[in-house]
file my_file.cif (mmCIF, C-alpha atoms)
data_query
loop_
_atom_site.label_atom_id
_atom_site.label_comp_id
_atom_site.auth_asym_id
_atom_site.auth_seq_id
_atom_site.Cartn_x
_atom_site.Cartn_y
_atom_site.Cartn_z
CA MET A 1261 26.96 -7.78 7.03
CA ASP A 1262 25.53 -9.50 3.93
CA PHE A 1263 23.55 -7.53 1.34
CA ALA A 1264 22.87 -10.53 -0.93
CA LEU A 1265 19.46 -12.11 -1.24
CA THR A 1266 19.16 -15.58 0.21
CA GLU A 1267 18.47 -18.52 -2.07
CA GLU A 1268 14.86 -18.54 -0.83
CA GLN A 1269 14.47 -14.83 -1.53
CA ARG A 1270 15.82 -15.22 -5.07
CA ALA A 1271 13.34 -18.04 -5.60
CA ILE A 1272 10.51 -15.77 -4.42
CA GLN A 1273 11.65 -13.02 -6.78
CA ASN A 1274 11.78 -15.45 -9.72
CA ALA A 1275 8.36 -16.88 -8.92
CA ILE A 1276 6.78 -13.42 -8.76
CA GLU A 1277 8.47 -12.42 -12.02
CA ARG A 1278 7.00 -15.50 -13.73
CA ILE A 1279 3.47 -14.60 -12.64
CA CYS A 1280 3.88 -10.94 -13.64
CA SER A 1281 5.21 -11.90 -17.07
CA ARG A 1282 1.72 -13.17 -17.91
CA PHE A 1283 0.37 -9.62 -17.47
CA ASP A 1284 2.29 -7.46 -19.87
CA ASP A 1285 2.37 -3.71 -20.53
CA ALA A 1286 -0.58 -4.01 -22.91
CA TYR A 1287 -2.65 -5.56 -20.12
CA TRP A 1288 -1.96 -2.70 -17.71
CA LEU A 1289 -2.42 -0.07 -20.41
CA GLU A 1290 -5.87 -1.48 -21.09
CA LYS A 1291 -6.68 -1.49 -17.37
CA ASP A 1292 -5.52 2.12 -17.15
CA ARG A 1293 -7.84 3.08 -19.98
CA LYS A 1294 -10.96 1.13 -19.05
CA GLY A 1295 -10.61 0.36 -15.36
CA GLY A 1296 -12.03 -2.72 -13.72
CA PHE A 1297 -10.40 -4.66 -10.90
CA PRO A 1298 -7.66 -7.03 -12.19
CA HIS A 1299 -9.36 -10.19 -10.93
CA ASP A 1300 -7.25 -12.49 -13.12
CA PHE A 1301 -4.04 -10.94 -11.76
CA TYR A 1302 -5.32 -11.28 -8.18
CA ASP A 1303 -6.41 -14.88 -8.81
CA ALA A 1304 -3.01 -15.78 -10.25
CA PHE A 1305 -1.32 -14.74 -7.01
CA ALA A 1306 -3.98 -16.49 -4.95
CA ALA A 1307 -3.58 -19.73 -6.92
CA GLU A 1308 0.14 -19.91 -6.11
CA GLY A 1309 -0.30 -18.96 -2.46
CA TRP A 1310 1.42 -15.57 -2.52
CA LEU A 1311 -1.41 -13.54 -0.98
CA GLY A 1312 -0.56 -15.11 2.36
CA ILE A 1313 3.18 -14.49 2.17
CA CYS A 1314 3.20 -12.84 5.64
CA THR A 1315 0.32 -14.84 7.10
CA ALA A 1316 1.11 -17.45 9.74
CA GLU A 1317 1.12 -21.03 8.53
CA ALA A 1318 -1.62 -21.78 11.07
CA GLN A 1319 -3.97 -19.54 9.03
CA GLY A 1320 -2.94 -20.93 5.66
CA GLY A 1321 -0.06 -18.58 4.86
CA ALA A 1322 3.64 -18.95 4.13
CA GLY A 1323 4.77 -17.47 7.44
CA LEU A 1324 7.46 -15.32 5.85
CA GLY A 1325 8.50 -11.80 6.85
CA ILE A 1326 7.96 -8.24 5.73
CA THR A 1327 11.39 -8.50 4.06
CA GLU A 1328 10.08 -11.15 1.66
CA ALA A 1329 6.81 -9.25 1.21
CA ALA A 1330 8.71 -6.06 0.33
CA LEU A 1331 10.74 -7.99 -2.22
CA MET A 1332 7.52 -9.34 -3.69
CA MET A 1333 5.88 -5.91 -3.90
CA ARG A 1334 8.94 -4.30 -5.50
CA THR A 1335 9.00 -7.12 -8.07
CA ILE A 1336 5.32 -6.66 -8.91
CA SER A 1337 5.70 -2.90 -9.32
CA GLU A 1338 8.95 -3.18 -11.27
CA SER A 1339 7.35 -5.60 -13.73
CA GLY A 1340 5.31 -2.71 -15.11
CA ALA A 1341 2.23 -3.54 -13.06
CA GLY A 1342 3.11 -0.53 -10.93
CA LEU A 1343 0.76 0.63 -8.22
CA SER A 1344 -2.21 -0.88 -10.06
CA GLY A 1345 -0.85 -4.38 -9.58
CA CYS A 1346 0.45 -3.76 -6.08
CA SER A 1347 -2.75 -2.15 -4.83
CA ALA A 1348 -4.78 -5.16 -6.01
CA VAL A 1349 -3.03 -7.40 -3.47
CA HIS A 1350 -1.70 -4.84 -0.96
CA ILE A 1351 -4.27 -5.31 1.82
CA ASN A 1352 -3.93 -9.10 1.71
CA ILE A 1353 -0.27 -8.74 2.64
CA PHE A 1354 -0.47 -6.53 5.72
CA GLY A 1355 -4.07 -5.44 6.26
CA LEU A 1356 -5.20 -7.96 8.86
CA ASN A 1357 -2.06 -7.72 10.97
CA PRO A 1358 -4.12 -6.22 13.85
CA VAL A 1359 -6.29 -9.34 13.76
CA ALA A 1360 -3.21 -11.56 13.80
CA VAL A 1361 -1.85 -9.71 16.85
CA PHE A 1362 -5.01 -8.94 18.84
CA GLY A 1363 -7.73 -11.23 17.49
CA THR A 1364 -8.98 -14.42 19.13
CA GLU A 1365 -8.05 -17.78 17.66
CA GLU A 1366 -11.58 -18.07 16.27
CA GLN A 1367 -11.29 -14.64 14.63
CA LYS A 1368 -7.88 -15.42 13.13
CA GLU A 1369 -9.18 -18.57 11.48
CA ARG A 1370 -12.45 -17.00 10.34
CA MET A 1371 -10.99 -13.70 9.12
CA ILE A 1372 -7.40 -14.26 8.04
CA ARG A 1373 -7.47 -17.62 6.25
CA PRO A 1374 -9.94 -16.55 3.50
CA MET A 1375 -7.78 -13.47 2.81
CA ALA A 1376 -4.57 -15.50 2.68
CA GLU A 1377 -6.14 -17.99 0.31
CA GLY A 1378 -7.63 -15.33 -1.95
CA ARG A 1379 -11.22 -16.38 -1.22
CA ALA A 1380 -12.13 -12.97 0.21
CA LYS A 1381 -11.37 -9.38 -0.69
CA ALA A 1382 -11.37 -6.62 1.89
CA CYS A 1383 -10.98 -2.86 2.20
CA PHE A 1384 -9.49 -0.78 5.00
CA ALA A 1385 -11.80 2.02 6.15
CA VAL A 1386 -10.12 4.64 8.32
CA THR A 1387 -9.90 8.03 6.57
CA GLU A 1388 -12.81 10.48 6.84
CA PRO A 1389 -13.62 13.62 4.80
CA ASN A 1390 -12.90 16.15 7.56
CA THR A 1391 -10.08 14.50 9.50
CA GLY A 1392 -7.43 13.50 6.96
CA LEU A 1393 -4.37 12.11 8.74
CA ASN A 1394 -5.61 13.25 12.16
CA THR A 1395 -6.99 9.81 12.98
CA THR A 1396 -7.82 10.58 16.60
CA GLN A 1397 -10.52 13.01 15.43
CA LEU A 1398 -12.58 10.40 13.57
CA LYS A 1399 -16.31 11.04 13.76
CA LEU A 1400 -17.90 7.88 12.32
CA ARG A 1401 -19.89 6.46 15.22
CA ALA A 1402 -20.43 2.85 16.21
CA GLU A 1403 -23.07 2.78 18.96
CA LYS A 1404 -23.34 -0.34 21.11
CA ARG A 1405 -26.86 -1.81 21.18
CA GLY A 1406 -27.04 -5.19 22.90
CA ASP A 1407 -24.72 -7.66 21.17
CA LYS A 1408 -24.14 -5.47 18.12
CA TYR A 1409 -22.89 -2.05 17.06
CA VAL A 1410 -24.86 0.31 14.82
CA VAL A 1411 -22.68 2.46 12.57
CA ASN A 1412 -23.49 5.81 10.97
CA GLY A 1413 -21.17 8.24 9.19
CA GLN A 1414 -18.72 8.53 6.29
CA LYS A 1415 -15.33 7.30 5.16
CA VAL A 1416 -13.34 8.47 2.14
CA TRP A 1417 -10.46 7.26 -0.06
CA ILE A 1418 -11.29 3.64 0.59
CA SER A 1419 -9.61 1.39 -1.96
CA THR A 1420 -11.24 -1.76 -3.43
CA ALA A 1421 -14.64 -1.04 -1.84
CA GLN A 1422 -16.30 -1.82 -5.19
CA VAL A 1423 -15.18 -5.45 -4.96
CA ALA A 1424 -14.69 -6.01 -1.22
CA ASP A 1425 -16.52 -8.76 0.68
CA HIS A 1426 -15.40 -7.46 4.08
CA LEU A 1427 -14.04 -4.28 5.62
CA LEU A 1428 -11.63 -3.45 8.39
CA LEU A 1429 -13.28 -0.47 10.05
CA LEU A 1430 -12.04 1.98 12.65
CA ALA A 1431 -14.96 3.71 14.36
CA ARG A 1432 -15.53 5.87 17.41
CA THR A 1433 -17.42 3.94 20.09
CA THR A 1434 -17.02 6.60 22.78
CA PRO A 1435 -17.57 10.27 21.89
CA LEU A 1436 -14.40 12.35 21.80
CA GLU A 1437 -15.62 14.64 24.58
CA GLU A 1438 -16.03 11.65 26.92
CA VAL A 1439 -12.49 10.23 26.70
CA SER A 1440 -9.42 11.33 28.65
CA LYS A 1441 -7.14 11.05 25.58
CA PRO A 1442 -8.13 11.42 21.91
CA THR A 1443 -6.48 8.09 21.10
CA GLU A 1444 -9.06 6.36 23.30
CA GLY A 1445 -12.63 5.49 22.39
CA LEU A 1446 -11.86 4.16 18.90
CA SER A 1447 -12.67 0.52 18.18
CA LEU A 1448 -11.58 -1.79 15.37
CA PHE A 1449 -13.91 -4.16 13.53
CA TYR A 1450 -13.57 -6.67 10.71
CA THR A 1451 -16.96 -7.51 9.30
CA ARG A 1452 -19.08 -8.30 6.27
CA PHE A 1453 -19.56 -5.51 3.72
CA ASP A 1454 -23.34 -5.00 3.70
CA ARG A 1455 -24.14 -3.04 0.55
CA ASP A 1456 -27.71 -2.47 1.69
CA ARG A 1457 -26.38 -0.32 4.54
CA ILE A 1458 -23.16 1.01 3.01
CA LYS A 1459 -23.47 3.17 -0.07
CA VAL A 1460 -20.34 3.26 -2.21
CA ALA A 1461 -19.48 6.23 -4.46
CA GLU A 1462 -16.40 5.80 -6.62
CA ILE A 1463 -14.01 8.75 -6.86
CA GLU A 1464 -12.71 9.63 -10.32
CA LYS A 1465 -8.96 10.08 -10.06
CA MET A 1466 -5.88 10.68 -12.20
CA GLY A 1467 -4.28 7.24 -11.99
CA ARG A 1468 -4.56 3.61 -10.88
CA LYS A 1469 -7.96 3.27 -12.54
CA ALA A 1470 -7.87 -0.52 -12.16
CA VAL A 1471 -8.13 -0.26 -8.36
CA ASP A 1472 -11.07 1.83 -7.27
CA SER A 1473 -11.09 4.55 -4.60
CA ASN A 1474 -14.36 5.42 -2.92
CA GLU A 1475 -16.41 7.37 -0.45
CA LEU A 1476 -18.54 5.24 1.87
CA PHE A 1477 -21.81 6.28 3.51
CA PHE A 1478 -22.96 4.18 6.49
CA GLU A 1479 -26.61 4.21 7.49
CA ASP A 1480 -27.61 2.02 10.46
CA PHE A 1481 -24.98 -0.53 9.45
CA GLU A 1482 -24.93 -3.35 12.01
CA ILE A 1483 -21.77 -5.12 13.19
CA PRO A 1484 -21.94 -8.16 15.49
CA GLU A 1485 -19.95 -7.78 18.69
CA ALA A 1486 -18.08 -10.94 17.67
CA ASP A 1487 -16.52 -8.93 14.83
CA ARG A 1488 -14.83 -6.42 17.15
CA ILE A 1489 -11.08 -6.90 17.35
CA GLY A 1490 -9.70 -6.79 20.90
CA GLU A 1491 -11.07 -4.45 23.54
CA GLU A 1492 -13.58 -1.71 22.90
CA GLY A 1493 -11.94 1.69 22.71
CA GLN A 1494 -8.42 0.40 21.95
CA GLY A 1495 -8.63 0.33 18.15
CA PHE A 1496 -6.17 3.18 17.59
CA LYS A 1497 -3.47 1.22 19.41
CA TYR A 1498 -4.25 -1.83 17.30
CA ILE A 1499 -3.95 -0.18 13.90
CA LEU A 1500 -0.50 1.14 14.83
CA HIS A 1501 0.74 -2.44 14.47
CA GLY A 1502 -0.01 -2.29 10.75
CA MET A 1503 1.43 1.15 10.03
CA ASN A 1504 5.15 0.40 9.94
CA PRO A 1505 4.80 -2.69 7.70
CA GLU A 1506 2.57 -0.67 5.39
CA ARG A 1507 5.19 2.06 5.11
CA VAL A 1508 7.81 -0.56 4.24
CA LEU A 1509 5.62 -2.12 1.56
CA ILE A 1510 4.62 1.19 -0.03
CA ALA A 1511 8.31 2.16 -0.09
CA ALA A 1512 9.12 -1.08 -1.91
CA GLU A 1513 6.34 -0.39 -4.41
CA ALA A 1514 7.64 3.13 -5.06
CA VAL A 1515 11.17 1.81 -5.62
CA GLY A 1516 9.90 -0.83 -8.04
CA LEU A 1517 7.93 1.72 -10.00
CA GLY A 1518 10.96 4.00 -10.17
CA PHE A 1519 13.13 1.20 -11.52
CA ALA A 1520 10.49 0.31 -14.10
CA ALA A 1521 10.49 3.91 -15.32
CA LEU A 1522 14.28 4.10 -15.25
CA ARG A 1523 14.59 0.93 -17.33
CA ARG A 1524 12.29 2.32 -19.99
CA ALA A 1525 14.12 5.65 -20.01
CA ALA A 1526 17.53 4.04 -20.39
CA ASP A 1527 16.27 1.78 -23.19
CA TYR A 1528 14.81 4.76 -25.01
CA ALA A 1529 17.97 6.83 -24.52
CA ARG A 1530 20.08 4.11 -26.10
CA GLU A 1531 17.78 3.79 -29.12
CA ARG A 1532 16.60 7.33 -29.78
CA VAL A 1533 18.85 9.10 -32.31
CA VAL A 1534 18.79 12.91 -32.57
CA PHE A 1535 21.48 14.99 -34.33
CA ASN A 1536 22.96 11.72 -35.62
CA ARG A 1537 23.74 10.30 -32.18
CA PRO A 1538 21.85 8.40 -29.46
CA ILE A 1539 20.51 10.85 -26.91
CA GLY A 1540 21.92 8.58 -24.19
CA LYS A 1541 25.38 9.76 -25.24
CA ASN A 1542 24.57 13.23 -23.91
CA GLN A 1543 25.47 13.91 -20.29
CA SER A 1544 22.33 16.02 -19.94
CA ILE A 1545 20.45 12.74 -20.38
CA GLN A 1546 22.92 10.48 -18.57
CA HIS A 1547 23.34 12.44 -15.36
CA PRO A 1548 19.66 12.76 -14.36
CA LEU A 1549 19.19 9.04 -14.99
CA ALA A 1550 22.32 8.21 -12.99
CA ILE A 1551 21.03 10.32 -10.09
CA CYS A 1552 17.75 8.41 -10.18
CA GLN A 1553 19.64 5.10 -10.06
CA ALA A 1554 21.56 6.25 -6.99
CA GLU A 1555 18.45 7.57 -5.24
CA LEU A 1556 16.48 4.39 -5.87
CA GLU A 1557 19.31 2.17 -4.67
CA ALA A 1558 19.63 4.21 -1.47
CA ALA A 1559 15.88 4.10 -0.86
CA TRP A 1560 15.86 0.33 -1.41
CA LEU A 1561 18.65 -0.22 1.12
CA LEU A 1562 16.75 1.75 3.74
CA THR A 1563 13.56 -0.13 2.89
CA MET A 1564 15.35 -3.43 3.48
CA LYS A 1565 16.80 -2.12 6.75
CA ALA A 1566 13.33 -1.20 7.99
CA ALA A 1567 11.97 -4.59 6.94
CA TRP A 1568 14.85 -6.37 8.70
CA GLU A 1569 14.24 -4.40 11.87
CA TYR A 1570 10.53 -5.25 11.83
CA ASP A 1571 11.14 -8.94 11.19
CA ASN A 1572 13.65 -9.08 14.04
CA GLY A 1573 11.36 -7.40 16.54
CA LEU A 1574 13.40 -4.20 16.69
CA PRO A 1575 12.05 -0.63 16.74
CA CYS A 1576 11.50 0.25 13.09
CA GLY A 1577 9.35 3.39 13.10
CA ALA A 1578 12.20 5.73 12.18
CA SER A 1579 13.53 3.53 9.39
CA ALA A 1580 10.03 2.82 8.05
CA ASN A 1581 9.19 6.52 7.84
CA MET A 1582 12.55 7.42 6.31
CA ALA A 1583 12.20 4.61 3.77
CA LYS A 1584 8.69 5.71 2.87
CA TYR A 1585 9.84 9.31 2.46
CA LEU A 1586 12.97 8.58 0.42
CA ALA A 1587 11.31 5.93 -1.74
CA GLY A 1588 8.32 8.15 -2.47
CA GLU A 1589 10.58 10.98 -3.60
CA ALA A 1590 13.00 8.74 -5.51
CA GLY A 1591 10.19 6.92 -7.31
CA TYR A 1592 8.56 10.17 -8.31
CA ASN A 1593 11.87 11.67 -9.49
CA ALA A 1594 12.62 8.60 -11.59
CA CYS A 1595 9.18 8.62 -13.22
CA GLN A 1596 9.37 12.34 -13.98
CA THR A 1597 12.88 11.97 -15.39
CA ALA A 1598 11.71 9.07 -17.55
CA VAL A 1599 8.96 11.23 -19.06
CA MET A 1600 11.43 14.03 -19.77
CA THR A 1601 13.91 11.58 -21.30
CA HIS A 1602 11.25 10.50 -23.77
CA GLY A 1603 10.49 14.11 -24.66
CA GLY A 1604 7.13 14.47 -26.39
CA PHE A 1605 6.72 10.70 -26.57
CA GLY A 1606 6.81 10.58 -22.78
CA TYR A 1607 3.40 12.24 -22.87
CA ALA A 1608 1.98 9.45 -25.04
CA LYS A 1609 0.23 6.59 -23.29
CA GLU A 1610 1.78 3.93 -25.53
CA TYR A 1611 5.20 4.55 -23.95
CA HIS A 1612 3.80 3.84 -20.46
CA VAL A 1613 5.99 6.31 -18.54
CA GLU A 1614 3.18 8.88 -18.25
CA ARG A 1615 1.15 6.20 -16.47
CA TYR A 1616 4.07 5.52 -14.15
CA LEU A 1617 4.33 9.23 -13.37
CA ARG A 1618 0.65 9.44 -12.46
CA GLU A 1619 0.91 6.38 -10.24
CA SER A 1620 4.13 7.62 -8.60
CA LEU A 1621 2.12 10.27 -6.76
CA ILE A 1622 0.32 7.61 -4.74
CA PRO A 1623 3.28 6.52 -2.57
CA ARG A 1624 4.18 10.18 -2.06
CA ILE A 1625 0.71 11.02 -0.73
CA ALA A 1626 -0.21 7.78 1.05
CA PRO A 1627 -0.38 6.31 3.60
CA VAL A 1628 1.24 9.35 5.19
CA SER A 1629 2.31 12.62 3.59
CA PRO A 1630 6.02 13.41 3.08
CA GLN A 1631 5.64 16.25 5.56
CA LEU A 1632 4.29 14.06 8.37
CA ALA A 1633 7.00 11.48 7.72
CA LEU A 1634 9.55 14.28 8.15
CA CYS A 1635 7.80 15.43 11.33
CA PHE A 1636 8.15 11.91 12.73
CA ILE A 1637 11.86 11.82 11.88
CA ALA A 1638 12.43 15.26 13.39
CA GLU A 1639 10.66 14.36 16.62
CA LYS A 1640 11.69 10.73 17.13
CA VAL A 1641 15.22 10.75 15.67
CA LEU A 1642 16.42 14.33 16.11
CA ASP A 1643 14.60 14.85 19.43
CA LEU A 1644 13.02 18.09 18.23
CA PRO A 1645 9.77 19.33 19.82
CA LYS A 1646 6.53 18.08 18.33
CA SER A 1647 5.25 20.56 15.74
CA TYR A 1648 1.58 19.62 15.52
#

call {"tool": "encode", "arguments": {"input": "my_file.cif", "output": "structure tokens"}}
result
Amino acid sequence: MDFALTEEQRAIQNAIERICSRFDDAYWLEKDRKGGFPHDFYDAFAAEGWLGICTAEAQGGAGLGITEAALMMRTISESGAGLSGCSAVHINIFGLNPVAVFGTEEQKERMIRPMAEGRAKACFAVTEPNTGLNTTQLKLRAEKRGDKYVVNGQKVWISTAQVADHLLLLARTTPLEEVSKPTEGLSLFYTRFDRDRIKVAEIEKMGRKAVDSNELFFEDFEIPEADRIGEEGQGFKYILHGMNPERVLIAAEAVGLGFAALRRAADYARERVVFNRPIGKNQSIQHPLAICQAELEAAWLLTMKAAWEYDNGLPCGASANMAKYLAGEAGYNACQTAVMTHGGFGYAKEYHVERYLRESLIPRIAPVSPQLALCFIAEKVLDLPKSY
């Protein structure tokens, strides 16, 4: 058993660090204050081919695994870019995996290559106002009319919709009352974002201002049948293929953010002198930081285990959910501890840790709540009865 990074993985880490070094803390502080998608950051990754790290070489990508992608996302987050930087490129890494698995060769070339090369931006539209994580109850309707589908309804918490050229959309094509199982009757589409038929309302939120979150309103939005992925009514099954990689990546991002906060806290504790001694000499400062280090290291090991399982074609649902849960909690704990280590200065934007704390809530909440991750572990690992 070898825990060391390979030479190729170290090279990836170094390359990502070089790109991130061009976007310093001042850059992300300004983005946090004023908002606006970080196009220059996105373009820098596109120019060096990193947006297609997991994309097959046949579609213009590097053909690497989720392990390398997780390493990349941790490195971005740990640089100080945090969830703002990660969320700008997140969907390019995993988002079109259902297309890669279930799409036709024509669809793969038409849809995936522009994303891998950074020529197109997309958003992932699943969540609805009244369904939350209960995806099988989605109400947005895509009605088949000839060789197209007409879509009406709403989606909410859709990231990057302000800048997206395309959207990956899960819609109900057969009413819920007409299917034998609630997982049936949902279809997956990847299509052009028509702003004449999709109204976008940005949601004001507490963090990650650089990457927008939105509510979408569809009114007679038309999708060509050629933009449907796989069979009609099987979309729920298709999106499951992207869920475990997403949990691995969000876990890596949480770990990176936690380490960024921990680094700042340790630096401050060494330099800050109170009562004629560095505060880092006090065990009341040392021990919480040491606990955060241990928690983050443990979460990272489990994240790498889940990534390894996925890349080797092994069942990874349990590890992916455990990694997402542990990393979300560890990242949050590290960010909160960093703020407390700074004392009053931790509340000041110029020290950055308050921004990290706000962003650390994202990988706790999304893409699945801590409670549902625990429900999965209880049911699938401990063989306990399903609770919902």

call {"tool": "resolve_selection", "arguments": {"input": "my_file.cif", "expression": "the PyMOL selection byres ((chain A and resi 1349-1358) around 6)", "output": "ChimeraX atom specification"}}
result
/A:1311,1346-1348,1359-1362,1375,1498,1502

call {"tool": "closest_residue", "arguments": {"input": "my_file.cif", "among": "A:Gly1296, A:Leu1393, A:Phe1283, A:Ala1550", "to": "Tyr1648 of chain A", "atoms": "all atoms listed in the file"}}
result
A:Leu1393

call {"tool": "closest_residue", "arguments": {"input": "my_file.cif", "among": "A:Ala1608, A:Ile1483, A:Ala1330, A:Leu1522", "to": "Thr1451 of chain A", "atoms": "only C-alpha atoms"}}
result
A:Ile1483

call {"tool": "atom_distance", "arguments": {"input": "my_file.cif", "atom1": "atom CA of Arg1401 of chain A", "atom2": "atom CA of Glu1365 of chain A"}}
result
27.1 Å

call {"tool": "resolve_selection", "arguments": {"input": "my_file.cif", "expression": "the PyMOL selection byres ((chain A and resi 1615-1623) around 10)", "output": "PyMOL selection string"}}
result
chain A and resi 1288-1289+1292+1337+1340-1344+1465-1469+1507+1509-1515+1517-1518+1520-1521+1584-1585+1587-1599+1606-1614+1624-1630
